file target19.txt (compact mmCIF, C-alpha atoms and all ligand atoms)
# COMPACT_ATOMS: atom_id res chain seq x y z
CA MET A 26 148.74 39.33 162.24
CA VAL A 27 152.39 39.20 163.18
CA ASP A 28 154.32 42.15 161.89
CA ILE A 29 156.98 40.43 159.88
CA VAL A 30 157.92 43.09 157.39
CA ASP A 31 158.78 46.59 158.47
CA GLN A 32 156.16 49.29 158.32
CA ARG A 33 157.46 50.90 155.17
CA THR A 34 157.63 47.68 153.23
CA ARG A 35 154.15 46.75 154.34
CA SER A 36 152.54 50.04 153.36
CA ARG A 37 154.34 49.95 150.04
CA MET A 38 152.97 46.48 149.34
CA MET A 39 149.47 47.32 150.46
CA SER A 40 149.13 50.61 148.62
CA CYS A 41 150.76 49.30 145.50
CA ILE A 42 149.05 45.98 145.15
CA LYS A 43 145.69 46.39 146.81
CA GLY A 44 145.10 49.84 145.34
CA GLN A 45 146.04 48.75 141.87
CA ASP A 46 143.92 45.68 142.07
CA THR A 47 140.81 47.54 143.15
CA LYS A 48 141.28 50.15 140.47
CA LEU A 49 141.68 47.57 137.73
CA GLU A 50 138.56 45.77 138.89
CA LEU A 51 136.63 49.02 138.67
CA LEU A 52 137.92 49.79 135.18
CA ILE A 53 137.01 46.35 133.89
CA ARG A 54 133.57 46.46 135.47
CA LYS A 55 132.77 49.84 133.97
CA ARG A 56 133.74 48.69 130.48
CA LEU A 57 131.76 45.49 130.71
CA PHE A 58 128.74 47.42 131.95
CA LYS A 59 129.03 49.74 128.95
CA LEU A 60 129.12 46.69 126.72
CA GLY A 61 125.75 45.72 128.15
CA PHE A 62 126.75 43.08 130.69
CA ARG A 63 124.97 43.09 134.02
CA TYR A 64 126.61 41.61 137.06
CA ARG A 65 126.73 41.29 140.79
CA LEU A 66 129.74 42.02 142.93
CA HIS A 67 131.64 39.99 145.51
CA VAL A 68 128.89 37.41 145.95
CA ARG A 69 129.58 35.97 149.38
CA LEU A 70 127.32 32.97 148.89
CA LEU A 71 129.67 31.62 146.24
CA PRO A 72 132.99 29.94 147.01
CA GLY A 73 135.76 32.53 147.13
CA SER A 74 133.19 35.37 146.80
CA PRO A 75 134.12 36.13 143.18
CA ASP A 76 134.79 39.77 142.29
CA VAL A 77 132.30 39.97 139.42
CA VAL A 78 129.45 37.52 138.85
CA PHE A 79 127.35 37.19 135.68
CA PRO A 80 124.42 35.01 136.71
CA LYS A 81 122.84 35.04 133.26
CA TYR A 82 125.96 33.45 131.77
CA SER A 83 126.94 31.24 134.72
CA ALA A 84 130.21 33.10 134.69
CA VAL A 85 132.42 34.59 137.37
CA ILE A 86 135.53 36.73 137.04
CA PHE A 87 138.35 37.08 139.53
CA ILE A 88 140.72 40.00 139.18
CA ASN A 89 143.85 38.79 140.93
CA GLY A 90 146.76 40.74 142.34
CA CYS A 91 149.90 38.93 141.22
CA PHE A 92 151.67 39.18 144.56
CA TRP A 93 148.89 37.92 146.81
CA HIS A 94 147.94 35.10 144.49
CA LEU A 95 151.53 34.09 143.76
CA HIS A 96 151.23 34.40 140.02
CA GLY A 97 154.90 33.72 139.30
CA CYS A 98 155.33 36.79 137.09
CA ARG A 99 157.64 39.71 137.73
CA PHE A 100 155.10 41.35 140.04
CA SER A 101 155.06 38.42 142.40
CA GLN A 102 158.60 38.42 143.70
CA LEU A 103 158.92 37.57 147.36
CA PRO A 104 160.01 40.28 149.80
CA LYS A 105 163.64 40.12 150.87
CA THR A 106 162.60 39.89 154.52
CA ARG A 107 161.44 36.43 155.57
CA PRO A 108 160.99 34.97 152.09
CA ASP A 109 160.18 31.54 153.55
CA TRP A 110 157.35 32.91 155.64
CA TRP A 111 155.91 34.68 152.61
CA GLN A 112 156.33 31.66 150.40
CA GLU A 113 154.32 29.56 152.82
CA LYS A 114 151.62 32.18 153.27
CA LEU A 115 151.25 32.81 149.55
CA ASN A 116 151.32 29.11 148.77
CA ARG A 117 148.27 28.77 150.99
CA ASN A 118 146.53 31.54 149.03
CA LYS A 119 147.32 29.76 145.81
CA LEU A 120 146.06 26.46 147.13
CA ARG A 121 142.83 28.12 148.28
CA ASP A 122 142.40 29.70 144.83
CA ARG A 123 142.64 26.28 143.26
CA GLU A 124 140.06 24.83 145.63
CA VAL A 125 137.71 27.74 145.03
CA ILE A 126 137.92 27.29 141.27
CA GLN A 127 137.26 23.59 141.60
CA ARG A 128 134.22 24.13 143.82
CA LEU A 129 132.79 26.79 141.53
CA ALA A 130 133.25 24.52 138.53
CA GLU A 131 131.53 21.67 140.36
CA ASN A 132 128.60 24.00 140.92
CA GLY A 133 128.30 24.73 137.23
CA TRP A 134 130.08 28.06 137.11
CA ARG A 135 132.53 29.08 134.44
CA ILE A 136 135.59 30.88 135.73
CA MET A 137 137.86 33.56 134.34
CA VAL A 138 140.94 34.86 136.12
CA ILE A 139 142.32 38.23 135.05
CA TRP A 140 145.83 38.86 136.39
CA GLU A 141 146.88 42.41 137.18
CA CYS A 142 150.02 41.98 135.05
CA ALA A 143 147.82 41.86 131.94
CA TYR A 144 147.34 45.56 132.61
CA ARG A 145 150.03 46.77 134.95
CA GLY A 146 153.45 47.35 133.41
CA ASN A 147 151.94 47.74 129.96
CA ALA A 148 153.28 50.56 127.81
CA SER A 149 149.74 51.49 126.87
CA ARG A 150 147.33 50.73 129.65
CA ASN A 151 144.40 51.85 127.59
CA ASN A 152 145.19 49.33 124.89
CA ALA A 153 145.74 46.69 127.52
CA LEU A 154 142.34 47.44 129.02
CA ASP A 155 140.73 47.25 125.58
CA ARG A 156 142.27 43.85 124.97
CA ILE A 157 141.30 42.55 128.40
CA CYS A 158 137.68 43.61 128.06
CA GLU A 159 137.43 42.32 124.52
CA ARG A 160 138.63 38.90 125.62
CA ALA A 161 136.53 38.94 128.75
CA SER A 162 133.34 39.82 126.92
CA SER A 163 133.78 37.17 124.25
CA TRP A 164 134.57 34.66 126.97
CA ILE A 165 131.42 35.56 128.90
CA LEU A 166 129.39 34.87 125.76
CA SER A 167 131.24 31.63 125.07
CA GLU A 168 130.86 28.25 126.72
CA GLU A 169 134.49 27.94 127.71
CA ALA A 170 134.74 26.57 131.25
CA PHE A 171 137.96 28.26 132.29
CA ALA A 172 140.10 31.06 130.93
CA GLU A 173 142.91 33.30 132.08
CA ILE A 174 144.14 36.68 130.93
CA THR A 175 147.73 37.26 131.88
CA GLY A 176 150.72 39.43 131.07
CA PRO A 177 154.07 37.91 130.21
CA LYS A 178 155.31 35.40 132.80
CA SER A 179 158.65 36.06 134.47
CA ILE A 180 161.63 36.24 132.20
CA SER A 181 163.50 32.99 132.46
CA HIS A 182 167.28 33.12 132.67
CA GLY A 183 167.85 29.75 131.10
ZN ZN B 201 151.16 38.40 137.09
call {"tool": "encode", "arguments": {"input": "target19.txt", "output": "structure tokens"}}
result
Amino acid sequence: MVDIVDQRTRSRMMSCIKGQDTKLELLIRKRLFKLGFRYRLHVRLLPGSPDVVFPKYSAVIFINGCFWHLHGCRFSQLPKTRPDWWQEKLNRNKLRDREVIQRLAENGWRIMVIWECAYRGNASRNNALDRICERASSWILSEEAFAEITGPKSISHG
């Protein structure tokens, strides 16, 4: 990997985004387990190796970091250094996400995407987590093919 951003920027991005993402995934998993759902993790045999898989319900959940998956919210602003390079890289991620979702759907899976901004940046993270898990669990039990849980999208300036 070519070192495009300086070391400090890189470690800030990694620690902030990756760490957060992993932690949120863990919190969601724990809650859903408590609610009685049983799952498998990061199933490599499936397209995109989804984060959490509920075979009984033909359902998979992705917990997406907003930056890496180019969500378009306030947590997905491009770095000041080499914005074009990042744009291209992250566009590829986004494109791959779309393909993965399509392939999963073709194989009869239902897909939910939970964006980190649904949790991060919330005044009360506990409430946010409650809401996320409530929605996720009712979705798992539903027959809805695709659903997303997201925080507010970026504030538009007209
Ligand atoms: Zn977001």
call {"tool": "residues_near_ligand", "arguments": {"input": "target19.txt", "ligand": "ligand ZN 201 (chain B)", "cutoff": "6 Å", "atoms": "only C-alpha atoms and all ligand atoms", "output": "PyMOL selection string"}}
result
chain A and resi 91+96+98+100+140-142
call {"tool": "residues_around", "arguments": {"input": "target19.txt", "residues": "Asn116 in chain A", "least_positions_apart": "2", "cutoff": "12 Å", "atoms": "only C-alpha atoms", "output": "ChimeraX atom specification"}}
result
/A:92-97,101,103,108-114,118-123
call {"tool": "closest_atom_pairs", "arguments": {"input": "target19.txt", "of": "range 110-176 of chain A", "to": "range 73-87 of chain A", "cutoff": "7 Å", "atoms": "all atoms listed in the file", "output": "tab-separated table"}}
result
residue	atom	partner	partner_atom	distance
A:Val125	CA	A:Gly73	CA	5.6
A:Trp134	CA	A:Ser83	CA	5.1
A:Arg135	CA	A:Ala84	CA	4.6
A:Ile136	CA	A:Val85	CA	5.1
A:Met137	CA	A:Ile86	CA	4.8
A:Val138	CA	A:Phe87	CA	4.8
A:Ile139	CA	A:Phe87	CA	6.1
A:Ile165	CA	A:Ala84	CA	6.4
call {"tool": "closest_residue", "arguments": {"input": "target19.txt", "among": "A:Ile53, A:Phe62, A:Leu129, A:Pro177", "to": "Ile88 in chain A", "atoms": "only C-alpha atoms"}}
result
A:Ile53
call {"tool": "atom_distance", "arguments": {"input": "target19.txt", "atom1": "CA of Ala130 in chain A", "atom2": "CA of Ala170 in chain A"}}
result
7.7 Å
call {"tool": "atom_distance", "arguments": {"input": "target19.txt", "atom1": "CA of Leu51 in chain A", "atom2": "CA of Gly146 in chain A"}}
result
17.7 Å
